[in-house]
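**Q** See query02.cif below, with mmCIF, C-alpha atoms and all ligand atoms.
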data_my_file
#
loop_
_atom_site.label_atom_id
_atom_site.label_comp_id
_atom_site.auth_asym_id
_atom_site.auth_seq_id
_atom_site.Cartn_x
_atom_site.Cartn_y
_atom_site.Cartn_z
CA MET A 854 0.00 0.00 0.00
CA SER A 855 1.26 3.44 -0.87
CA THR A 856 1.48 6.12 1.82
CA THR A 857 -0.14 9.56 1.68
CA VAL A 858 2.31 12.32 2.61
CA LYS A 859 2.24 16.09 2.72
CA ALA A 860 4.02 18.07 0.04
CA TYR A 861 4.17 21.54 -1.50
CA GLY A 862 3.26 21.83 -5.16
CA THR A 863 1.09 23.52 -7.73
CA GLU A 864 -1.31 22.66 -10.54
CA ALA A 865 -0.53 25.57 -12.92
CA VAL A 866 1.97 28.33 -13.72
CA ASP A 867 -0.25 31.04 -12.24
CA VAL A 868 -1.08 29.18 -9.01
CA ALA A 869 1.19 29.68 -5.98
CA LEU A 870 2.70 26.58 -4.41
CA HIS A 871 0.53 25.24 -1.61
CA GLU A 872 0.12 22.17 0.54
CA ILE A 873 -1.02 19.06 -1.33
CA ASP A 874 -1.15 15.32 -0.62
CA ILE A 875 0.96 12.93 -2.69
CA GLN A 876 1.50 9.16 -2.63
CA ARG A 877 4.83 7.50 -1.91
CA ARG A 878 4.97 3.90 -3.11
CA ALA A 879 5.01 0.88 -0.78
CA LEU A 880 8.57 -0.17 -0.12
CA GLN A 881 9.95 -2.61 -2.71
CA ALA A 882 12.76 -5.06 -1.95
CA HIS A 883 15.55 -2.66 -3.02
CA ASP A 884 13.90 0.58 -1.85
CA VAL A 885 14.99 3.03 0.81
CA GLU A 886 12.49 5.35 2.49
CA MET A 887 13.73 8.54 4.10
CA GLU A 888 12.19 11.33 6.09
CA ILE A 889 13.28 14.54 4.38
CA LEU A 890 15.13 16.93 6.68
CA TYR A 891 16.24 19.61 4.19
CA CYS A 892 15.70 20.42 0.53
CA GLY A 893 17.54 23.09 -1.47
CA ILE A 894 15.84 25.33 -4.04
CA CYS A 895 17.57 25.23 -7.43
CA HIS A 896 16.90 27.54 -10.37
CA SER A 897 15.82 24.40 -12.27
CA ASP A 898 12.87 24.13 -9.84
CA LEU A 899 11.97 27.70 -10.81
CA HIS A 900 12.33 26.98 -14.56
CA GLN A 901 9.98 24.00 -14.16
CA ILE A 902 7.23 25.68 -12.12
CA LYS A 903 7.27 28.48 -14.74
CA ASN A 904 7.13 25.80 -17.48
CA ASP A 905 10.14 27.51 -19.13
CA PHE A 906 10.93 24.41 -21.21
CA GLY A 907 7.32 23.49 -22.02
CA GLY A 908 7.43 19.99 -20.49
CA THR A 909 6.09 20.52 -16.97
CA LYS A 910 3.82 17.77 -15.65
CA TRP A 911 1.03 18.96 -13.32
CA PRO A 912 0.67 18.89 -10.41
CA ILE A 913 4.36 19.53 -9.86
CA VAL A 914 6.21 19.04 -6.56
CA PRO A 915 9.72 20.47 -7.07
CA GLY A 916 12.89 19.74 -5.11
CA HIS A 917 15.94 17.66 -6.00
CA GLU A 918 18.55 18.61 -3.36
CA ILE A 919 17.26 16.24 -0.73
CA VAL A 920 18.85 15.30 2.59
CA GLY A 921 17.08 12.91 4.94
CA ARG A 922 17.26 10.18 7.49
CA VAL A 923 16.47 6.58 6.56
CA THR A 924 13.18 5.44 8.11
CA ALA A 925 12.71 2.04 6.43
CA VAL A 926 14.53 -0.27 4.00
CA GLY A 927 13.32 -3.07 1.73
CA ASP A 928 14.24 -6.71 2.39
CA HIS A 929 17.14 -6.76 -0.08
CA VAL A 930 18.71 -3.39 0.74
CA LYS A 931 22.39 -3.90 1.49
CA ASN A 932 23.94 -0.46 1.83
CA PHE A 933 21.60 1.55 4.05
CA ARG A 934 20.27 1.11 7.58
CA VAL A 935 17.41 2.76 9.41
CA GLY A 936 18.59 5.88 11.26
CA GLU A 937 21.45 6.74 8.88
CA LEU A 938 21.72 10.03 7.03
CA ALA A 939 21.08 9.69 3.30
CA ALA A 940 20.49 11.91 0.30
CA VAL A 941 18.81 11.98 -3.09
CA GLY A 942 19.79 14.29 -5.92
CA CYS A 943 18.51 14.55 -9.46
CA ILE A 944 18.51 10.87 -10.51
CA VAL A 945 16.16 8.28 -8.95
CA ASP A 946 15.91 5.53 -11.58
CA SER A 947 17.40 4.25 -14.86
CA CYS A 948 17.59 0.92 -16.68
CA GLY A 949 20.67 -0.05 -14.67
CA HIS A 950 22.31 -2.15 -17.40
CA CYS A 951 22.99 -0.07 -20.54
CA GLU A 952 26.46 1.20 -21.44
CA TYR A 953 25.83 4.54 -19.72
CA CYS A 954 24.38 3.05 -16.51
CA ASN A 955 27.32 0.63 -16.36
CA ASP A 956 29.66 3.62 -16.66
CA GLY A 957 27.88 5.40 -13.79
CA ILE A 958 26.50 8.19 -15.97
CA GLU A 959 22.87 7.22 -15.42
CA GLN A 960 21.70 10.69 -16.51
CA PHE A 961 22.30 9.48 -20.08
CA CYS A 962 20.58 6.05 -19.67
CA GLU A 963 19.65 4.65 -23.10
CA GLU A 964 16.17 3.73 -21.88
CA GLY A 965 15.64 7.12 -20.28
CA VAL A 966 16.63 8.37 -16.85
CA THR A 967 14.01 9.14 -14.20
CA PHE A 968 14.63 12.41 -12.40
CA SER A 969 13.52 13.00 -8.82
CA PHE A 970 10.66 15.26 -9.89
CA ASN A 971 8.65 16.06 -13.03
CA SER A 972 9.75 12.83 -14.72
CA GLU A 973 7.75 9.82 -15.93
CA ASP A 974 7.56 7.35 -13.00
CA LYS A 975 8.22 3.93 -14.52
CA VAL A 976 7.54 2.11 -11.23
CA SER A 977 4.26 3.60 -10.01
CA GLY A 978 2.95 5.30 -13.16
CA GLY A 979 2.23 9.02 -13.38
CA HIS A 980 5.20 11.26 -12.67
CA THR A 981 7.73 11.73 -9.89
CA PHE A 982 7.24 14.18 -7.02
CA GLY A 983 10.30 15.92 -5.60
CA GLY A 984 11.70 16.86 -2.23
CA PHE A 985 9.30 19.62 -1.16
CA SER A 986 7.64 16.84 0.83
CA LYS A 987 7.90 14.80 4.03
CA THR A 988 9.42 11.61 2.58
CA TYR A 989 11.16 10.13 -0.45
CA VAL A 990 11.24 6.51 -1.64
CA CYS A 991 13.55 5.12 -4.32
CA ASN A 992 15.86 2.24 -5.16
CA GLU A 993 19.04 2.22 -3.06
CA ARG A 994 21.20 2.40 -6.20
CA TYR A 995 20.26 6.09 -6.49
CA VAL A 996 20.59 6.98 -2.79
CA LEU A 997 23.76 8.70 -1.59
CA HIS A 998 25.55 8.27 1.72
CA MET A 999 25.42 11.70 3.32
CA PRO A 1000 28.56 12.54 5.31
CA GLU A 1001 27.95 14.02 8.79
CA PHE A 1002 28.35 17.66 7.73
CA GLN A 1003 28.25 20.02 10.70
CA ASN A 1004 25.86 22.23 8.80
CA LEU A 1005 23.68 19.60 7.19
CA ALA A 1006 21.10 22.07 5.85
CA SER A 1007 23.76 23.97 3.91
CA ALA A 1008 25.10 20.72 2.47
CA ALA A 1009 21.78 19.93 0.72
CA PRO A 1010 22.59 22.11 -2.34
CA LEU A 1011 25.58 19.90 -3.07
CA LEU A 1012 23.10 17.30 -4.38
CA CYS A 1013 22.44 19.31 -7.54
CA ALA A 1014 24.41 22.57 -7.58
CA GLY A 1015 27.51 20.83 -6.21
CA ILE A 1016 27.65 17.91 -8.60
CA THR A 1017 26.68 20.06 -11.61
CA VAL A 1018 29.84 22.13 -11.21
CA TYR A 1019 32.12 19.44 -9.73
CA SER A 1020 31.67 17.18 -12.77
CA PRO A 1021 32.78 19.67 -15.47
CA LEU A 1022 35.51 21.15 -13.23
CA LYS A 1023 37.00 17.67 -12.95
CA HIS A 1024 36.37 16.73 -16.58
CA TRP A 1025 38.08 19.86 -17.92
CA GLY A 1026 41.01 19.49 -15.53
CA ALA A 1027 40.66 22.13 -12.82
CA GLY A 1028 43.81 21.95 -10.72
CA PRO A 1029 47.17 23.61 -10.04
CA GLY A 1030 48.37 25.69 -12.99
CA LYS A 1031 44.87 25.99 -14.47
CA LYS A 1032 43.05 29.30 -14.82
CA VAL A 1033 39.33 28.71 -14.47
CA GLY A 1034 36.58 31.25 -15.04
CA ILE A 1035 33.20 31.06 -13.30
CA LEU A 1036 30.37 32.96 -14.95
CA GLY A 1037 27.41 33.91 -12.71
CA ILE A 1038 27.53 33.75 -8.92
CA GLY A 1039 24.32 32.06 -7.91
CA GLY A 1040 23.72 28.67 -6.31
CA LEU A 1041 25.90 26.82 -8.81
CA GLY A 1042 28.47 29.57 -9.31
CA HIS A 1043 29.32 30.15 -5.64
CA LEU A 1044 29.88 26.41 -5.10
CA ALA A 1045 31.98 26.31 -8.28
CA ILE A 1046 34.30 28.94 -6.76
CA LYS A 1047 34.79 26.87 -3.59
CA ILE A 1048 35.22 23.54 -5.40
CA ALA A 1049 37.59 24.89 -8.07
CA LYS A 1050 39.75 26.48 -5.35
CA ALA A 1051 39.79 23.20 -3.39
CA MET A 1052 40.95 21.46 -6.60
CA GLY A 1053 43.87 23.91 -6.72
CA ALA A 1054 42.86 26.08 -9.67
CA HIS A 1055 43.26 29.84 -10.06
CA VAL A 1056 39.71 31.21 -10.12
CA THR A 1057 38.36 34.33 -11.83
CA VAL A 1058 34.67 35.09 -11.55
CA PHE A 1059 32.48 37.21 -13.82
CA THR A 1060 29.33 38.72 -12.37
CA THR A 1061 26.66 41.19 -13.43
CA SER A 1062 26.06 42.16 -9.77
CA PRO A 1063 28.30 44.88 -8.26
CA SER A 1064 27.47 43.60 -4.74
CA LYS A 1065 28.99 40.21 -5.53
CA VAL A 1066 32.41 41.46 -6.65
CA GLU A 1067 33.86 41.75 -3.13
CA ASP A 1068 31.86 38.80 -1.88
CA ALA A 1069 33.39 36.55 -4.54
CA LYS A 1070 36.79 37.09 -2.96
CA ARG A 1071 35.39 36.16 0.45
CA LEU A 1072 34.15 32.95 -1.17
CA GLY A 1073 37.70 32.25 -2.32
CA ALA A 1074 37.96 33.67 -5.84
CA ASP A 1075 41.39 35.06 -6.80
CA GLU A 1076 39.84 37.74 -8.99
CA ALA A 1077 36.32 39.05 -9.52
CA VAL A 1078 35.25 41.05 -12.57
CA LEU A 1079 32.10 43.11 -13.12
CA SER A 1080 31.18 41.91 -16.61
CA SER A 1081 29.70 45.30 -17.61
CA ASP A 1082 33.15 46.89 -17.20
CA ALA A 1083 34.66 46.59 -20.70
CA GLU A 1084 38.11 47.72 -19.57
CA GLN A 1085 38.35 45.01 -16.90
CA MET A 1086 36.99 42.38 -19.29
CA ALA A 1087 39.64 43.25 -21.89
CA GLN A 1088 42.40 42.43 -19.39
CA TYR A 1089 41.37 38.78 -19.41
CA GLY A 1090 41.57 38.26 -23.20
CA ARG A 1091 43.00 34.77 -24.02
CA LYS A 1092 43.97 34.09 -20.41
CA LEU A 1093 41.62 31.31 -19.21
CA HIS A 1094 41.82 27.55 -19.77
CA PHE A 1095 38.07 27.10 -19.44
CA ILE A 1096 34.97 28.83 -18.09
CA ILE A 1097 31.98 27.26 -16.32
CA ASP A 1098 28.93 29.24 -17.47
CA THR A 1099 26.10 29.01 -14.89
CA VAL A 1100 23.90 31.81 -16.23
CA SER A 1101 20.18 30.99 -16.21
CA ALA A 1102 19.03 33.54 -18.82
CA LYS A 1103 19.99 34.57 -22.35
CA HIS A 1104 23.45 36.18 -22.46
CA ASP A 1105 26.34 36.83 -24.84
CA VAL A 1106 28.69 33.83 -24.76
CA ASN A 1107 30.97 35.28 -27.44
CA ALA A 1108 32.40 37.79 -24.99
CA TYR A 1109 33.53 34.81 -22.88
CA LEU A 1110 34.82 32.64 -25.75
CA ASN A 1111 37.24 35.52 -26.41
CA LEU A 1112 38.68 35.18 -22.89
CA LEU A 1113 39.86 31.61 -23.60
CA ARG A 1114 43.35 30.43 -24.35
CA HIS A 1115 44.11 28.12 -27.26
CA ASP A 1116 42.05 24.90 -26.95
CA GLY A 1117 39.95 26.42 -24.16
CA ALA A 1118 36.25 25.86 -23.60
CA VAL A 1119 33.18 27.65 -22.37
CA VAL A 1120 31.23 24.89 -20.63
CA LEU A 1121 27.55 25.72 -20.33
CA VAL A 1122 25.69 24.34 -17.33
CA GLY A 1123 23.07 27.10 -17.09
CA LEU A 1124 19.80 26.48 -18.90
CA PRO A 1125 18.67 29.70 -20.60
CA PRO A 1126 15.30 28.82 -22.16
CA GLU A 1127 16.14 30.70 -25.40
CA PRO A 1128 18.87 29.58 -27.87
CA LEU A 1129 22.29 31.24 -27.55
CA GLU A 1130 24.20 32.61 -30.53
CA VAL A 1131 27.79 31.50 -31.07
CA GLN A 1132 29.91 33.47 -33.58
CA ALA A 1133 32.00 31.24 -35.87
CA PHE A 1134 35.21 33.15 -35.12
CA GLY A 1135 34.58 32.74 -31.40
CA VAL A 1136 35.34 29.01 -31.66
CA ILE A 1137 37.48 28.80 -34.83
CA VAL A 1138 40.11 31.24 -33.66
CA GLY A 1139 42.16 29.37 -31.04
CA ASN A 1140 40.45 25.99 -31.69
CA ARG A 1141 38.06 26.76 -28.86
CA SER A 1142 35.01 24.77 -27.79
CA PHE A 1143 31.55 25.69 -26.70
CA ALA A 1144 30.55 22.68 -24.58
CA GLY A 1145 27.92 21.59 -22.08
CA SER A 1146 27.59 19.42 -18.99
CA ASN A 1147 24.56 17.73 -17.43
CA ILE A 1148 24.62 17.14 -13.64
CA GLY A 1149 26.74 14.03 -12.85
CA GLY A 1150 26.13 10.31 -12.30
CA ILE A 1151 25.60 8.57 -8.97
CA PRO A 1152 29.21 7.41 -8.35
CA GLU A 1153 30.56 10.87 -9.11
CA THR A 1154 27.90 12.47 -6.89
CA GLN A 1155 29.11 10.32 -3.98
CA GLU A 1156 32.72 11.25 -4.80
CA MET A 1157 31.74 14.95 -4.80
CA LEU A 1158 29.99 14.65 -1.40
CA ASP A 1159 33.07 13.02 0.10
CA PHE A 1160 35.35 15.64 -1.52
CA CYS A 1161 33.24 18.51 -0.14
CA PHE A 1162 33.14 16.92 3.33
CA LYS A 1163 36.92 16.56 3.31
CA HIS A 1164 37.41 20.17 2.19
CA ASN A 1165 34.68 21.55 4.44
CA ILE A 1166 32.63 22.89 1.54
CA VAL A 1167 28.92 23.65 1.92
CA SER A 1168 26.73 26.31 0.34
CA GLU A 1169 26.08 29.75 1.80
CA SER A 1170 22.42 29.38 2.49
CA GLU A 1171 19.32 31.05 3.82
CA ILE A 1172 17.26 28.47 5.71
CA ILE A 1173 13.52 28.97 5.31
CA ASP A 1174 10.22 27.40 6.30
CA ILE A 1175 8.21 25.80 3.50
CA GLN A 1176 5.47 28.43 3.97
CA TYR A 1177 7.97 31.05 2.63
CA VAL A 1178 8.63 29.13 -0.59
CA ASN A 1179 6.68 31.38 -2.99
CA GLU A 1180 8.53 34.48 -1.77
CA ALA A 1181 11.78 32.53 -2.05
CA PHE A 1182 11.06 31.76 -5.72
CA GLU A 1183 10.27 35.45 -6.36
CA ARG A 1184 13.57 36.44 -4.79
CA LEU A 1185 15.50 33.73 -6.66
CA GLU A 1186 14.08 35.05 -9.92
CA LYS A 1187 15.44 38.52 -9.08
CA GLY A 1188 18.83 37.12 -8.04
CA ASN A 1189 18.11 38.24 -4.48
CA VAL A 1190 19.62 35.35 -2.49
CA LYS A 1191 23.13 34.76 -1.19
CA TYR A 1192 23.41 32.10 -2.43
CA ARG A 1193 20.91 29.27 -1.96
CA PHE A 1194 17.58 28.85 -0.22
CA VAL A 1195 17.24 25.64 1.76
CA ILE A 1196 13.90 24.52 3.19
CA ASP A 1197 13.82 23.13 6.72
CA MET A 1198 11.28 20.38 6.13
CA ALA A 1199 10.33 20.23 9.83
CA SER A 1200 8.16 23.25 8.94
CA LEU A 1201 5.86 20.95 6.92
CA GLN A 1202 3.59 19.11 9.35
CA ASN A 1203 2.34 15.73 8.23
P1 LIG B 1301 20.83 31.12 -9.68
O1 LIG B 1301 21.14 30.88 -8.25
O2 LIG B 1301 19.63 31.94 -10.05
O3 LIG B 1301 22.16 31.75 -10.37
C1 LIG B 1301 22.21 32.16 -11.71
C2 LIG B 1301 23.15 33.36 -11.81
O4 LIG B 1301 23.24 33.72 -13.19
C3 LIG B 1301 22.66 34.61 -11.12
O5 LIG B 1301 22.99 34.62 -9.75
C4 LIG B 1301 23.37 35.71 -11.88
O6 LIG B 1301 24.72 35.81 -11.40
C5 LIG B 1301 23.46 35.14 -13.28
N1 LIG B 1301 22.40 35.70 -14.14
C6 LIG B 1301 21.07 35.57 -14.01
N2 LIG B 1301 20.44 36.19 -15.00
C7 LIG B 1301 21.38 36.72 -15.80
C8 LIG B 1301 21.36 37.48 -17.01
N3 LIG B 1301 20.20 37.82 -17.59
N4 LIG B 1301 22.55 37.82 -17.56
C9 LIG B 1301 23.72 37.47 -16.98
N5 LIG B 1301 23.78 36.78 -15.81
C10 LIG B 1301 22.64 36.42 -15.24
O7 LIG B 1301 20.65 29.73 -10.45
P2 LIG B 1301 21.36 28.31 -10.16
O8 LIG B 1301 20.46 27.51 -9.28
O9 LIG B 1301 22.77 28.53 -9.84
O10 LIG B 1301 21.21 27.66 -11.62
C11 LIG B 1301 21.87 28.25 -12.73
C12 LIG B 1301 21.39 27.62 -14.01
O11 LIG B 1301 21.87 26.28 -14.09
C13 LIG B 1301 19.87 27.52 -14.14
O12 LIG B 1301 19.50 27.78 -15.49
C14 LIG B 1301 19.59 26.07 -13.80
O13 LIG B 1301 18.40 25.58 -14.35
C15 LIG B 1301 20.80 25.41 -14.42
N6 LIG B 1301 21.13 24.06 -13.93
C16 LIG B 1301 21.67 23.19 -14.83
C17 LIG B 1301 22.07 21.94 -14.44
C18 LIG B 1301 22.73 21.03 -15.42
O14 LIG B 1301 22.69 19.82 -15.27
N7 LIG B 1301 23.40 21.55 -16.43
C19 LIG B 1301 21.88 21.55 -13.10
C20 LIG B 1301 21.36 22.46 -12.20
C21 LIG B 1301 21.00 23.73 -12.62
P3 LIG B 1301 25.47 37.24 -11.21
O15 LIG B 1301 24.57 38.03 -10.31
O16 LIG B 1301 26.76 36.87 -10.59
O17 LIG B 1301 25.63 37.83 -12.57
ZN ZN B 1302 19.13 21.63 -9.73
#
So, in terms of structure tokens, how does the structure I just supplied come out?
**A**
Amino acid sequence: MSTTVKAYGTEAVDVALHEIDIQRRALQAHDVEMEILYCGICHSDLHQIKNDFGGTKWPIVPGHEIVGRVTAVGDHVKNFRVGELAAVGCIVDSCGHCEYCNDGIEQFCEEGVTFSFNSEDKVSGGHTFGGFSKTYVCNERYVLHMPEFQNLASAAPLLCAGITVYSPLKHWGAGPGKKVGILGIGGLGHLAIKIAKAMGAHVTVFTTSPSKVEDAKRLGADEAVLSSDAEQMAQYGRKLHFIIDTVSAKHDVNAYLNLLRHDGAVVLVGLPPEPLEVQAFGVIVGNRSFAGSNIGGIPETQEMLDFCFKHNIVSESEIIDIQYVNEAFERLEKGNVKYRFVIDMASLQN
């Protein structure tokens, strides 16, 4: 029998999020059930409740930066015990046996990955409901071991923002001797600064917000540039090995391609709903690349959590009650959060 639990969701773009009831499936042999303690608010949640990409499934319950405590395990669960901390990020199911699943990049599963919310639910039918809720249930293969972070709430954003920047930083070789640019200091960008510094790279950030220039240095950046200042921008011409672009709205990527060294790359992780224009000379001159990166698989997500625990990296967060979530989304849209909202799920009474 499935269980009815409280959640926060909405039925349409113009309806504010409010309390709704959802069903969590009865525990299967390989399932883990957790009580959700904290859930981060990612700009992807905002894109989806606004139906920015056209594919939103209603009603939607957002949330994919989920930290909880295990409350029950199925008969065949080997790696989790009741009472342990655990976490769920973006991925909650996949075929488990294709080339991509075998390589631990389940986000590219040949039969189609299931995301933690707004995704076809191949087990129960309907679609998945995310972490703005009291509990989560999924197969243990997709559950992470959550290290005992001192500030557990602020560690929740690692589950999406953290892995989304860790994966391309590692792939493109962030480390000693590398000059890395970070474009946009939001939830993803501020964690990218901390992670790239912990990897040993030299970090330059580019922001549209004057108030974030000084703050970027506090976060660990070596240099911070106001992108509207043409003179400052010109100083970085052909200096950077690669740039992680976290911007959530349409912007000019050509200005950043021109900051790359030979063989450099602008790696897009932001999801502007409109297409971006790339000038031919921006990539041809210097053999540069305009690339992308999509979250990270389960093994790499665990590696990232352990890396961040070791290096004492969590997000700078504003902890809120679930009843504040609509205001939080309004503020996120205006860029008015330093740098991630995290919901304390104790505020949602079952
Ligand atoms: P966020 O906290 O809102 O940060 C985005 C930042 O982009 C803002 O803080 C701002 O930084 C900059 N920005 C916003 N609008 C801009 C504009 N019009 N022009 C230039 N800069 C602008 O969002 P987030 O949660 O970090 O997510 C960032 C993006 O990544 C979203 O589109 C999200 O959907 C996407 N995402 C992708 C993946 C993936 O797998 N690739 C995973 C998670 C999220 P400054 O104030 O510093 O300029
Ligand atoms: Zn996200």
**Q** Pick out the residues no farther than 6 Å from ligand LIG 1301 (chain B), counting only C-alpha atoms and all ligand atoms, and list them as a PyMOL selection string.
**A** chain A and resi 895-897+1013-1014+1017+1037-1042+1060-1062+1099-1104+1122-1125+1146-1148+1185+1188
**Q** Skipping near chain neighbours, those fewer than 2 positions away, what residues fall within 6 Å of Glu888 in chain A using only C-alpha atoms, listed as JSON, numbers by chain?
**A** {"A": [921, 922, 987, 988]}
**Q** What is the distance between CA of Ile919 in chain A and CA of Gly893 in chain A, in Å to one decimal?
**A**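 A separation of 6.9 Å between them.
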**Q** Tell me which of A:His1043, A:His1024, A:Lys903, A:Arg1193 sits closest to Ala1144 in chain A, counting only C-alpha atoms.
**A** A:His1024
**Q** Compare A:Cys943, A:Ala1074, A:Ile902, A:Val914 by their minimum atom-to-atom distance to ligand ZN 1302 (chain B), counting only C-alpha atoms and all ligand atoms, and give me the closest one.
**A** A:Cys943
**Q** Please compute the CA of Thr857 in chain A-CA of Glu872 in chain A distance, one decimal, in Å.
**A**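 Between these atoms lies a distance of 12.7 Å.
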